[in-house]
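Text of run.cif, listed as mmCIF, C-alpha atoms:
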data_input
loop_
_atom_site.label_atom_id
_atom_site.label_comp_id
_atom_site.auth_asym_id
_atom_site.auth_seq_id
_atom_site.Cartn_x
_atom_site.Cartn_y
_atom_site.Cartn_z
CA MET A 1 -135.96 122.83 59.82
CA LYS A 2 -138.41 119.97 60.24
CA GLY A 3 -139.98 120.85 56.92
CA ILE A 4 -136.62 120.70 55.18
CA VAL A 5 -135.81 117.33 56.79
CA SER A 6 -139.21 115.96 55.85
CA TRP A 7 -138.83 117.21 52.32
CA PHE A 8 -135.35 115.67 52.12
CA ILE A 9 -136.59 112.27 53.38
CA LEU A 10 -139.46 112.36 50.87
CA MET A 11 -137.03 113.05 48.03
CA LEU A 12 -134.83 110.16 49.14
CA LEU A 13 -137.83 107.81 49.19
CA CYS A 14 -138.87 108.94 45.70
CA CYS A 15 -135.35 108.43 44.35
CA PHE A 16 -135.11 105.00 45.98
CA SER A 17 -138.48 104.01 44.55
CA ALA A 18 -137.52 105.18 41.04
CA SER A 19 -134.18 103.38 41.23
CA TYR A 20 -135.88 100.12 42.34
CA THR A 21 -138.43 100.34 39.52
CA TYR A 22 -135.69 101.02 36.95
CA ALA A 23 -133.60 98.12 38.27
CA GLN A 24 -136.50 95.71 37.93
CA ALA A 25 -137.68 96.83 34.49
CA PRO A 26 -134.64 95.72 32.43
CA ALA A 27 -134.76 92.18 33.84
CA HIS A 28 -138.41 91.84 32.91
CA SER A 29 -137.78 93.38 29.51
CA THR A 30 -134.77 91.13 28.90
CA ASP A 31 -136.72 87.98 29.79
CA THR A 32 -139.54 89.03 27.48
CA SER A 33 -137.09 89.81 24.68
CA ARG A 34 -135.32 86.48 25.05
CA ARG A 35 -138.63 84.65 25.04
CA ASN A 36 -139.68 86.46 21.86
CA VAL A 37 -136.36 85.64 20.17
CA ARG A 38 -136.77 81.97 21.07
CA GLN A 39 -140.27 81.97 19.67
CA ILE A 40 -139.19 83.65 16.44
CA HIS A 41 -136.19 81.38 15.85
CA GLN A 42 -137.61 78.17 17.24
CA VAL A 43 -137.14 75.29 14.74
CA PRO A 44 -140.30 73.22 14.32
CA PRO A 45 -139.87 69.47 15.01
CA ARG A 46 -138.71 67.50 11.95
CA LYS A 47 -141.45 65.36 10.44
CA ILE A 48 -140.26 61.76 10.10
CA PRO A 49 -141.34 60.27 6.75
CA PRO A 50 -143.47 57.12 6.98
CA ILE A 51 -141.95 53.71 6.28
CA ARG A 52 -142.90 52.65 2.76
CA HIS A 53 -140.35 50.03 1.61
CA GLU A 54 -139.16 46.59 2.71
CA VAL A 55 -136.45 44.22 1.42
CA SER A 56 -135.66 40.77 2.85
CA LEU A 57 -133.75 37.58 2.05
CA GLY A 58 -134.79 34.12 3.20
CA PHE A 59 -134.54 30.35 3.05
CA ARG A 60 -137.48 27.98 2.63
CA LEU A 61 -137.83 24.26 3.38
CA ASN A 62 -140.52 22.56 1.31
CA THR A 63 -141.90 19.06 1.75
CA ASP A 64 -140.47 18.37 -1.73
CA GLY A 65 -137.26 20.40 -1.73
CA TRP A 66 -135.81 23.78 -0.78
CA SER A 67 -135.80 27.41 -1.95
CA VAL A 68 -133.95 30.67 -1.48
CA PHE A 69 -135.86 33.89 -2.08
CA SER A 70 -135.92 37.65 -1.88
CA ASP A 71 -138.97 39.81 -1.11
CA ILE A 72 -139.33 43.45 -2.14
CA GLY A 73 -142.28 45.10 -0.44
CA ARG A 74 -144.20 48.31 -0.91
CA ILE A 75 -146.17 49.28 2.20
CA LYS A 76 -149.66 50.61 1.42
CA PRO A 77 -151.06 52.48 4.46
CA LEU A 78 -154.79 52.62 5.10
CA ASP A 79 -154.37 56.29 5.97
CA PRO A 80 -151.35 58.59 6.70
CA ARG A 81 -151.73 58.22 10.46
CA ARG A 82 -151.24 54.43 10.18
CA ALA A 83 -148.45 54.46 7.60
CA ASP A 84 -146.01 52.51 9.79
CA MET A 85 -148.41 49.77 10.88
CA PHE A 86 -147.81 47.45 7.88
CA TYR A 87 -151.48 46.52 7.56
CA LYS A 88 -151.14 45.93 3.81
CA VAL A 89 -147.92 45.25 1.86
CA ARG A 90 -147.58 44.61 -1.86
CA VAL A 91 -144.78 42.05 -2.36
CA TRP A 92 -142.61 41.18 -5.33
CA GLN A 93 -140.83 37.86 -4.78
CA PHE A 94 -137.92 36.25 -6.65
CA GLU A 95 -137.25 32.60 -5.81
CA VAL A 96 -134.88 29.80 -6.85
CA SER A 97 -135.91 26.28 -5.87
CA GLU A 98 -135.05 22.62 -6.36
CA LYS A 99 -137.61 19.80 -6.36
CA LYS A 100 -136.80 16.45 -4.79
CA ASP A 101 -138.76 13.21 -4.72
CA PRO A 102 -139.58 11.74 -1.28
CA ALA A 103 -138.03 8.44 -2.43
CA GLU A 104 -134.59 10.02 -2.99
CA GLU A 105 -131.83 8.55 -0.84
CA LYS A 106 -128.12 9.23 -1.19
CA ILE A 107 -125.98 6.08 -0.99
CA THR A 108 -122.29 5.22 -1.46
CA SER A 109 -120.94 3.22 -4.38
CA GLU A 110 -120.15 -0.45 -3.68
CA ILE A 111 -117.19 -0.57 -6.08
CA GLY A 112 -115.23 2.55 -5.19
CA PRO A 113 -115.05 6.22 -6.18
CA ALA A 114 -115.96 7.47 -9.63
CA SER A 115 -113.33 8.87 -11.99
CA SER A 116 -115.15 12.23 -11.77
CA GLY A 117 -117.83 13.63 -9.49
CA SER A 118 -118.44 11.70 -6.27
CA ASP A 119 -118.80 8.11 -5.09
CA LYS A 120 -122.13 9.11 -3.55
CA TYR A 121 -125.25 9.06 -5.70
CA ILE A 122 -129.05 8.90 -5.55
CA TYR A 123 -130.20 5.52 -6.73
CA GLY A 124 -132.99 5.65 -9.31
CA LYS A 125 -132.82 9.44 -9.84
CA ILE A 126 -133.05 10.35 -13.52
CA ASN A 127 -133.51 14.14 -13.54
CA ASN A 128 -132.71 17.25 -11.52
CA PHE A 129 -135.46 19.86 -11.58
CA TYR A 130 -134.93 23.51 -10.66
CA ALA A 131 -137.23 26.52 -11.00
CA LEU A 132 -136.89 30.29 -11.23
CA LYS A 133 -140.04 31.99 -9.99
CA LEU A 134 -141.24 35.58 -10.05
CA GLY A 135 -144.38 36.45 -8.12
CA LEU A 136 -146.58 39.34 -7.08
CA GLY A 137 -148.57 39.13 -3.85
CA PHE A 138 -150.32 40.98 -1.06
CA ARG A 139 -149.74 40.58 2.65
CA LYS A 140 -152.42 41.82 5.03
CA MET A 141 -152.38 41.98 8.82
CA ILE A 142 -155.05 39.84 10.46
CA ALA A 143 -153.95 39.90 14.11
CA GLY A 144 -151.50 41.56 16.49
CA LYS A 145 -149.67 44.88 16.48
CA PRO A 146 -146.20 45.59 15.04
CA ASP A 147 -145.13 47.40 18.22
CA PRO A 148 -141.73 46.55 19.76
CA GLY A 149 -141.81 43.25 21.61
CA THR A 150 -145.00 41.94 19.98
CA VAL A 151 -145.77 39.54 17.13
CA SER A 152 -148.10 40.39 14.27
CA ILE A 153 -149.77 37.81 12.02
CA HIS A 154 -150.36 38.47 8.34
CA TRP A 155 -152.03 36.54 5.52
CA LEU A 156 -150.03 36.30 2.28
CA ASN A 157 -151.38 35.38 -1.15
CA LEU A 158 -148.94 35.39 -4.06
CA PHE A 159 -149.00 34.22 -7.69
CA GLY A 160 -146.69 34.50 -10.67
CA VAL A 161 -144.72 32.88 -13.47
CA ALA A 162 -142.16 30.08 -13.24
CA LEU A 163 -139.40 28.78 -15.47
CA GLY A 164 -138.60 25.14 -14.86
CA MET A 165 -135.15 23.74 -15.70
CA LEU A 166 -134.93 19.98 -16.25
CA LYS A 167 -131.39 18.52 -16.29
CA PRO A 168 -130.62 14.82 -16.80
CA TYR A 169 -128.91 13.12 -13.86
CA TYR A 170 -125.69 11.35 -14.90
CA LEU A 171 -123.97 8.40 -13.24
CA ASP A 172 -120.48 7.04 -13.76
CA VAL A 173 -120.97 3.36 -14.57
CA TYR A 174 -118.12 0.85 -14.76
CA GLY A 175 -117.29 0.09 -18.39
CA ASP A 176 -119.66 2.77 -19.77
CA GLY A 177 -118.43 6.05 -18.27
CA ALA A 178 -120.97 8.81 -17.67
CA ILE A 179 -124.47 7.80 -18.74
CA LYS A 180 -127.99 9.12 -18.27
CA TYR A 181 -131.19 7.15 -17.95
CA SER A 182 -132.83 5.89 -21.14
CA PRO A 183 -134.50 2.63 -22.26
CA SER A 184 -131.17 1.49 -23.73
CA THR A 185 -129.11 2.26 -20.56
CA GLU A 186 -131.72 1.29 -17.98
CA SER A 187 -130.15 -2.03 -16.96
CA ASP A 188 -126.70 -0.54 -16.31
CA PHE A 189 -128.07 2.70 -14.85
CA LEU A 190 -129.96 0.75 -12.18
CA ASN A 191 -127.28 -1.89 -11.51
CA GLN A 192 -125.75 -0.95 -8.14
CA GLN A 193 -122.83 -3.37 -8.69
CA LEU A 194 -121.69 -1.26 -11.65
CA ILE A 195 -122.35 2.28 -10.38
CA GLU A 196 -119.22 4.18 -9.36
CA GLY A 197 -121.02 7.38 -8.32
CA ASN A 198 -122.60 10.52 -9.74
CA SER A 199 -120.87 12.35 -12.57
CA GLY A 200 -121.03 15.82 -11.00
CA PHE A 201 -123.37 18.77 -11.41
CA SER A 202 -121.82 20.08 -14.63
CA GLN A 203 -122.56 16.87 -16.52
CA GLY A 204 -125.76 17.38 -18.49
CA LEU A 205 -125.92 21.18 -18.26
CA SER A 206 -125.81 21.50 -22.05
CA GLU A 207 -128.91 19.27 -22.26
CA MET A 208 -131.00 21.32 -19.85
CA LYS A 209 -134.60 21.92 -20.98
CA PHE A 210 -136.57 25.02 -20.05
CA ILE A 211 -140.24 24.54 -19.24
CA PRO A 212 -142.62 27.48 -18.63
CA GLY A 213 -145.17 27.38 -15.86
CA GLY A 214 -146.93 29.28 -13.10
CA HIS A 215 -147.15 29.15 -9.32
CA PHE A 216 -149.32 30.22 -6.38
CA LYS A 217 -148.78 30.27 -2.63
CA SER A 218 -150.88 31.14 0.41
CA ALA A 219 -149.35 31.42 3.87
CA LEU A 220 -149.43 32.87 7.36
CA HIS A 221 -146.63 35.38 7.87
CA PHE A 222 -145.38 35.99 11.43
CA ASP A 223 -143.48 39.25 12.02
CA PHE A 224 -141.13 39.09 15.03
CA SER A 225 -139.40 42.45 14.49
CA THR A 226 -138.38 44.31 17.66
CA ASN A 227 -138.52 47.67 15.86
CA LYS A 228 -140.22 49.01 12.77
CA LYS A 229 -137.08 49.25 10.65
CA ASN A 230 -136.06 45.59 11.00
CA ALA A 231 -137.82 42.71 9.28
CA ILE A 232 -137.58 39.31 10.97
CA ALA A 233 -140.28 36.92 9.89
CA ALA A 234 -141.32 33.29 9.56
CA GLU A 235 -143.88 31.85 7.18
CA ALA A 236 -145.88 28.62 7.01
CA GLY A 237 -148.05 27.85 4.03
CA VAL A 238 -148.89 25.87 0.91
CA ASN A 239 -147.31 26.22 -2.54
CA ALA A 240 -148.59 24.97 -5.91
CA GLU A 241 -146.81 24.94 -9.30
CA TYR A 242 -147.92 23.88 -12.77
CA TYR A 243 -145.71 23.39 -15.84
CA ALA A 244 -146.26 22.91 -19.56
CA GLN A 245 -145.05 19.29 -19.53
CA ALA A 246 -144.90 16.36 -17.14
CA ILE A 247 -141.80 16.14 -14.94
CA ALA A 248 -140.31 12.78 -13.90
CA LEU A 249 -137.59 12.71 -11.24
CA MET A 250 -137.20 8.97 -10.56
CA ALA A 251 -137.01 5.84 -12.72
CA GLY A 252 -140.29 3.94 -12.98
CA GLN A 253 -142.19 7.08 -12.03
CA THR A 254 -145.06 8.54 -14.00
CA GLY A 255 -144.28 12.17 -14.66
CA LYS A 256 -146.67 14.91 -13.57
CA PRO A 257 -146.88 18.57 -14.62
CA TYR A 258 -147.72 19.91 -11.15
CA PHE A 259 -146.23 20.07 -7.65
CA VAL A 260 -148.06 20.83 -4.40
CA ASP A 261 -146.12 21.17 -1.16
CA LEU A 262 -146.18 22.62 2.34
CA TYR A 263 -143.38 24.90 3.46
CA ILE A 264 -141.84 26.90 6.29
CA SER A 265 -139.45 29.80 5.79
CA LEU A 266 -137.34 32.31 7.66
CA ALA A 267 -136.41 35.78 6.36
CA PHE A 268 -134.40 38.81 7.51
CA GLY A 269 -134.45 42.32 6.06
CA ARG A 270 -134.84 46.09 6.48
CA ARG A 271 -137.58 48.69 6.13
CA TRP A 272 -137.29 52.38 5.33
#

Encoding of this model in structure tokens:
Amino acid sequence: MKGIVSWFILMLLCCFSASYTYAQAPAHSTDTSRRNVRQIHQVPPRKIPPIRHEVSLGFRLNTDGWSVFSDIGRIKPLDPRRADMFYKVRVWQFEVSEKKDPAEEKITSEIGPASSGSDKYIYGKINNFYALKLGLGFRKMIAGKPDPGTVSIHWLNLFGVALGMLKPYYLDVYGDGAIKYSPSTESDFLNQQLIEGNSGFSQGLSEMKFIPGGHFKSALHFDFSTNKKNAIAAEAGVNAEYYAQAIALMAGQTGKPYFVDLYISLAFGRRW
């Protein structure tokens, strides 16, 4: 009887042990299977393409006038691992500017408003001068890092072609109407007791002369962007322009074919 009981207990223990092993095996197998499935179907992380392009718009104050401009940049990385660091950028720049003489001063007519235009005018001004400029340049980082919250400093050198536009400045003069400066009109053109005001921007457009030239600028470029896809920058530098003929802006002034000025600018844009 004891043998039978012993044998029965042994059989129960064997069955219990087999059942426990069987119960544990599926869980282990399931975990392994799930892990394998995840490994097989796991999607590799998406590779973010490097930033290669930049476009910005800006406004520039020159010591002899003003400009509006647009920059189109192509970022040239030193190596693929530093593609987003903006160490070297090739820049195409389109600019529209107006030149002003330091002696220019806007005053109000002493005898009342003009029949057209405005009763305000610039005494002694004989020409308006505008320029369309296209340039190619390179901007290279010389200090700082373009990480969020930091400022990087770059050195810009740019050169290109310019198209000057010289337009005579007309005044409304009592008894003469709209006149421009010439040896024959000089006395009336400079007589403040006869000047009613300027004749308006459209007067003289048909007489505009186009003068070819070239330009060069060198500047420090400060990048204040808080992230790599925004472009917020200021510039401070020197600009030089040379044209095919002398340009005179004021009466009694000897014309010169070149302009040299200092400037500061502010620009906003995007990178991608």

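In this structure, atom CA of A:Lys133 sits 24.8 Å away from atom CA of A:Ile153.
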
(request) Identify which of the residues A:Ile72, A:Met165, A:Val96, A:Ile195 lies closest to A:Tyr123, counting all atoms listed in the file when measuring atom-to-atom distances. (result) A:Ile195

(request) Kindly indicate which residue among A:Leu171, A:Ile179, A:Met250, A:Leu57 lies nearest to A:Asn198, using all atoms listed in the file for the distances. (result) A:Leu171

(request) Choose the residue, out of A:Gly252, A:Leu262, A:Leu205, A:Ala219, that has the smallest atom-to-atom separation from A:Tyr181; count all atoms listed in the file. (result) A:Gly252

(request) Name every residue that the PyMOL selection byres ((chain A and resi 160) around 7) selects in this structure, writing the answer as a PyMOL selection string with chains first and numbers rising. (result) chain A and resi 134-136+159+161-162+214-216

(message) As a check of understanding, name the residues that the PyMOL selection byres ((chain A and resi 176) around 12) selects in the supplied structure, as a VMD selection string.
(response) chain A and resid 114 to 115 170 to 175 177 to 180 185 187 to 189 194 to 196

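Closest approach to A:Glu186 from the set A:Phe69, A:Gly255, A:Ile126, A:Gly237 is made by A:Ile126, with distances taken over all atoms listed in the file.
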
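Restricting the calculation to all atoms listed in the file, the smallest distance between A:Glu54 and any of A:Asn239, A:Asn230, A:Ser202, A:Thr108 is found for A:Asn230.
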
(request) Expand the PyMOL selection byres ((chain A and resi 221) around 7) into the individual residues it matches in the shown file, reporting them as JSON, numbers by chain. (result) {"A": [153, 154, 155, 156, 219, 220, 222, 223, 233, 234, 235, 236]}

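Comparing A:Lys100, A:Lys229, A:Lys76, A:Arg271 by their smallest distance to A:Phe259, the closest is A:Lys100 (using only C-alpha atoms).
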
(request) With a distance cut-off of 8 Å and only C-alpha atoms, select the neighbouring residues of A:Ile122, excluding the residue or stretch itself and same-chain residues fewer than 3 positions from it, and output the selection as a ChimeraX atom specification. (result) /A:104-107,125,198

(request) Name the residues, using the chain letters and numbers of the file, that sit within 7 Å of (-141.7, 52.9, 10.3) when counting all atoms listed in the file, and give them as a PyMOL selection string. (result) chain A and resi 50-51+84+228-229+272

Would you write out those residues with C-alpha atoms, as a PDB file, in the coordinates of the input?
ATOM      1  CA  PRO A  50    -143.470  57.120   6.980  1.00  0.00           C
ATOM      2  CA  ILE A  51    -141.950  53.710   6.280  1.00  0.00           C
ATOM      3  CA  ASP A  84    -146.010  52.510   9.790  1.00  0.00           C
ATOM      4  CA  LYS A 228    -140.220  49.010  12.770  1.00  0.00           C
ATOM      5  CA  LYS A 229    -137.080  49.250  10.650  1.00  0.00           C
ATOM      6  CA  TRP A 272    -137.290  52.380   5.330  1.00  0.00           C
TER       7      TRP A 272
END

(message) Could you list, as a ChimeraX atom specification, every residue within 10 Å of A:Leu249, counting only C-alpha atoms and ignoring same-chain residues fewer than 4 positions away?
(response) /A:99-101,103-104,124-129,166-169,253-256

(request) One decimal, Å: what's the distance from atom CA of A:Asp119 over to atom CA of A:Glu207, could you say? (result) 22.8 Å

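Relative to atom CA of A:Lys120, atom CA of A:Gly200 is found at 10.1 Å.
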
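Near A:Val68, within a cut-off of 6 Å and counting only C-alpha atoms, sit the residues Gly58, Phe59, Glu95 and Val96 of chain A, with same-chain residues fewer than 3 positions away left out.
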
Just-selected residues, C-alpha atoms written as a PDB file, in the frame of the given file:
ATOM      1  CA  GLY A  58    -134.790  34.120   3.200  1.00  0.00           C
ATOM      2  CA  PHE A  59    -134.540  30.350   3.050  1.00  0.00           C
ATOM      3  CA  GLU A  95    -137.250  32.600  -5.810  1.00  0.00           C
ATOM      4  CA  VAL A  96    -134.880  29.800  -6.850  1.00  0.00           C
TER       5      VAL A  96
END

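For A:Asp71, the list of residues within 6 Å, based on all atoms listed in the file and with local chain neighbours fewer than 5 positions off taken out, reads Val55, Ser56, Trp92 and Gln93 of chain A.
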
Hey, what's within 10 Å of A:Pro257 if we count only C-alpha atoms and toss same-chain stuff fewer than 6 positions away? As a compact mmCIF listing (two decimals) with C-alpha atoms, in the coordinates of the input, please?
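In the end it all went to selection-v2.txt:
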# COMPACT_ATOMS: atom_id res chain seq x y z
CA GLY A 213 -145.17 27.38 -15.86
CA GLU A 241 -146.81 24.94 -9.30
CA TYR A 242 -147.92 23.88 -12.77
CA TYR A 243 -145.71 23.39 -15.84
CA ALA A 244 -146.26 22.91 -19.56
CA GLN A 245 -145.05 19.29 -19.53
CA ALA A 246 -144.90 16.36 -17.14
CA ILE A 247 -141.80 16.14 -14.94
CA ALA A 248 -140.31 12.78 -13.90

Using the atoms already present, construct N, CA, C and O atoms for stretch 202-224 of chain A and hand them back as a short mmCIF file (atom, residue, chain, number, x, y, z; two decimals), keeping the file's coordinate frame.
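File written: out-v2.cif
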data_model
loop_
_atom_site.label_atom_id
_atom_site.label_comp_id
_atom_site.auth_asym_id
_atom_site.auth_seq_id
_atom_site.Cartn_x
_atom_site.Cartn_y
_atom_site.Cartn_z
N SER A 202 -122.01 19.50 -13.30
CA SER A 202 -121.82 20.08 -14.63
C SER A 202 -122.22 19.13 -15.76
O SER A 202 -122.54 19.57 -16.87
N GLN A 203 -122.20 17.83 -15.49
CA GLN A 203 -122.56 16.87 -16.52
C GLN A 203 -124.05 16.98 -16.83
O GLN A 203 -124.90 16.85 -15.94
N GLY A 204 -124.37 17.25 -18.08
CA GLY A 204 -125.76 17.38 -18.49
C GLY A 204 -126.27 18.80 -18.57
O GLY A 204 -127.43 19.02 -18.98
N LEU A 205 -125.46 19.79 -18.20
CA LEU A 205 -125.92 21.18 -18.26
C LEU A 205 -126.29 21.61 -19.68
O LEU A 205 -127.24 22.36 -19.90
N SER A 206 -125.52 21.13 -20.66
CA SER A 206 -125.81 21.50 -22.05
C SER A 206 -127.12 20.90 -22.56
O SER A 206 -127.63 21.31 -23.60
N GLU A 207 -127.66 19.92 -21.85
CA GLU A 207 -128.91 19.27 -22.26
C GLU A 207 -130.11 19.78 -21.47
O GLU A 207 -131.22 19.23 -21.58
N MET A 208 -129.92 20.81 -20.69
CA MET A 208 -131.00 21.32 -19.85
C MET A 208 -132.16 21.82 -20.70
O MET A 208 -131.97 22.51 -21.70
N LYS A 209 -133.37 21.48 -20.30
CA LYS A 209 -134.60 21.92 -20.98
C LYS A 209 -135.31 22.95 -20.10
O LYS A 209 -135.38 22.80 -18.88
N PHE A 210 -135.85 23.97 -20.75
CA PHE A 210 -136.57 25.02 -20.05
C PHE A 210 -138.07 24.86 -20.29
O PHE A 210 -138.52 24.75 -21.43
N ILE A 211 -138.81 24.84 -19.18
CA ILE A 211 -140.24 24.54 -19.24
C ILE A 211 -141.01 25.65 -18.54
O ILE A 211 -140.83 25.86 -17.33
N PRO A 212 -141.86 26.38 -19.27
CA PRO A 212 -142.62 27.48 -18.63
C PRO A 212 -143.73 26.95 -17.73
O PRO A 212 -144.24 25.84 -17.91
N GLY A 213 -144.10 27.77 -16.77
CA GLY A 213 -145.17 27.38 -15.86
C GLY A 213 -145.63 28.56 -15.02
O GLY A 213 -145.28 29.72 -15.26
N GLY A 214 -146.43 28.26 -14.02
CA GLY A 214 -146.93 29.28 -13.10
C GLY A 214 -146.97 28.73 -11.69
O GLY A 214 -146.86 27.52 -11.47
N HIS A 215 -147.14 29.61 -10.71
CA HIS A 215 -147.15 29.15 -9.32
C HIS A 215 -148.06 30.04 -8.48
O HIS A 215 -148.37 31.18 -8.84
N PHE A 216 -148.47 29.50 -7.33
CA PHE A 216 -149.32 30.22 -6.38
C PHE A 216 -148.97 29.74 -4.98
O PHE A 216 -148.69 28.57 -4.75
N LYS A 217 -148.99 30.66 -4.03
CA LYS A 217 -148.78 30.27 -2.63
C LYS A 217 -149.69 31.09 -1.72
O LYS A 217 -150.01 32.26 -2.01
N SER A 218 -150.09 30.48 -0.62
CA SER A 218 -150.88 31.14 0.41
C SER A 218 -150.28 30.74 1.75
O SER A 218 -150.00 29.56 1.98
N ALA A 219 -150.08 31.72 2.63
CA ALA A 219 -149.35 31.42 3.87
C ALA A 219 -149.71 32.39 4.97
O ALA A 219 -150.23 33.49 4.74
N LEU A 220 -149.40 31.99 6.20
CA LEU A 220 -149.43 32.87 7.36
C LEU A 220 -148.02 33.39 7.58
O LEU A 220 -147.06 32.62 7.63
N HIS A 221 -147.91 34.69 7.73
CA HIS A 221 -146.63 35.38 7.87
C HIS A 221 -146.56 35.96 9.28
O HIS A 221 -147.41 36.75 9.69
N PHE A 222 -145.53 35.56 10.04
CA PHE A 222 -145.38 35.99 11.43
C PHE A 222 -144.21 36.97 11.53
O PHE A 222 -143.07 36.61 11.23
N ASP A 223 -144.50 38.20 11.92
CA ASP A 223 -143.48 39.25 12.02
C ASP A 223 -143.01 39.36 13.46
O ASP A 223 -143.78 39.72 14.36
N PHE A 224 -141.71 39.06 13.69
CA PHE A 224 -141.13 39.09 15.03
C PHE A 224 -140.25 40.32 15.27
O PHE A 224 -139.50 40.36 16.24
#
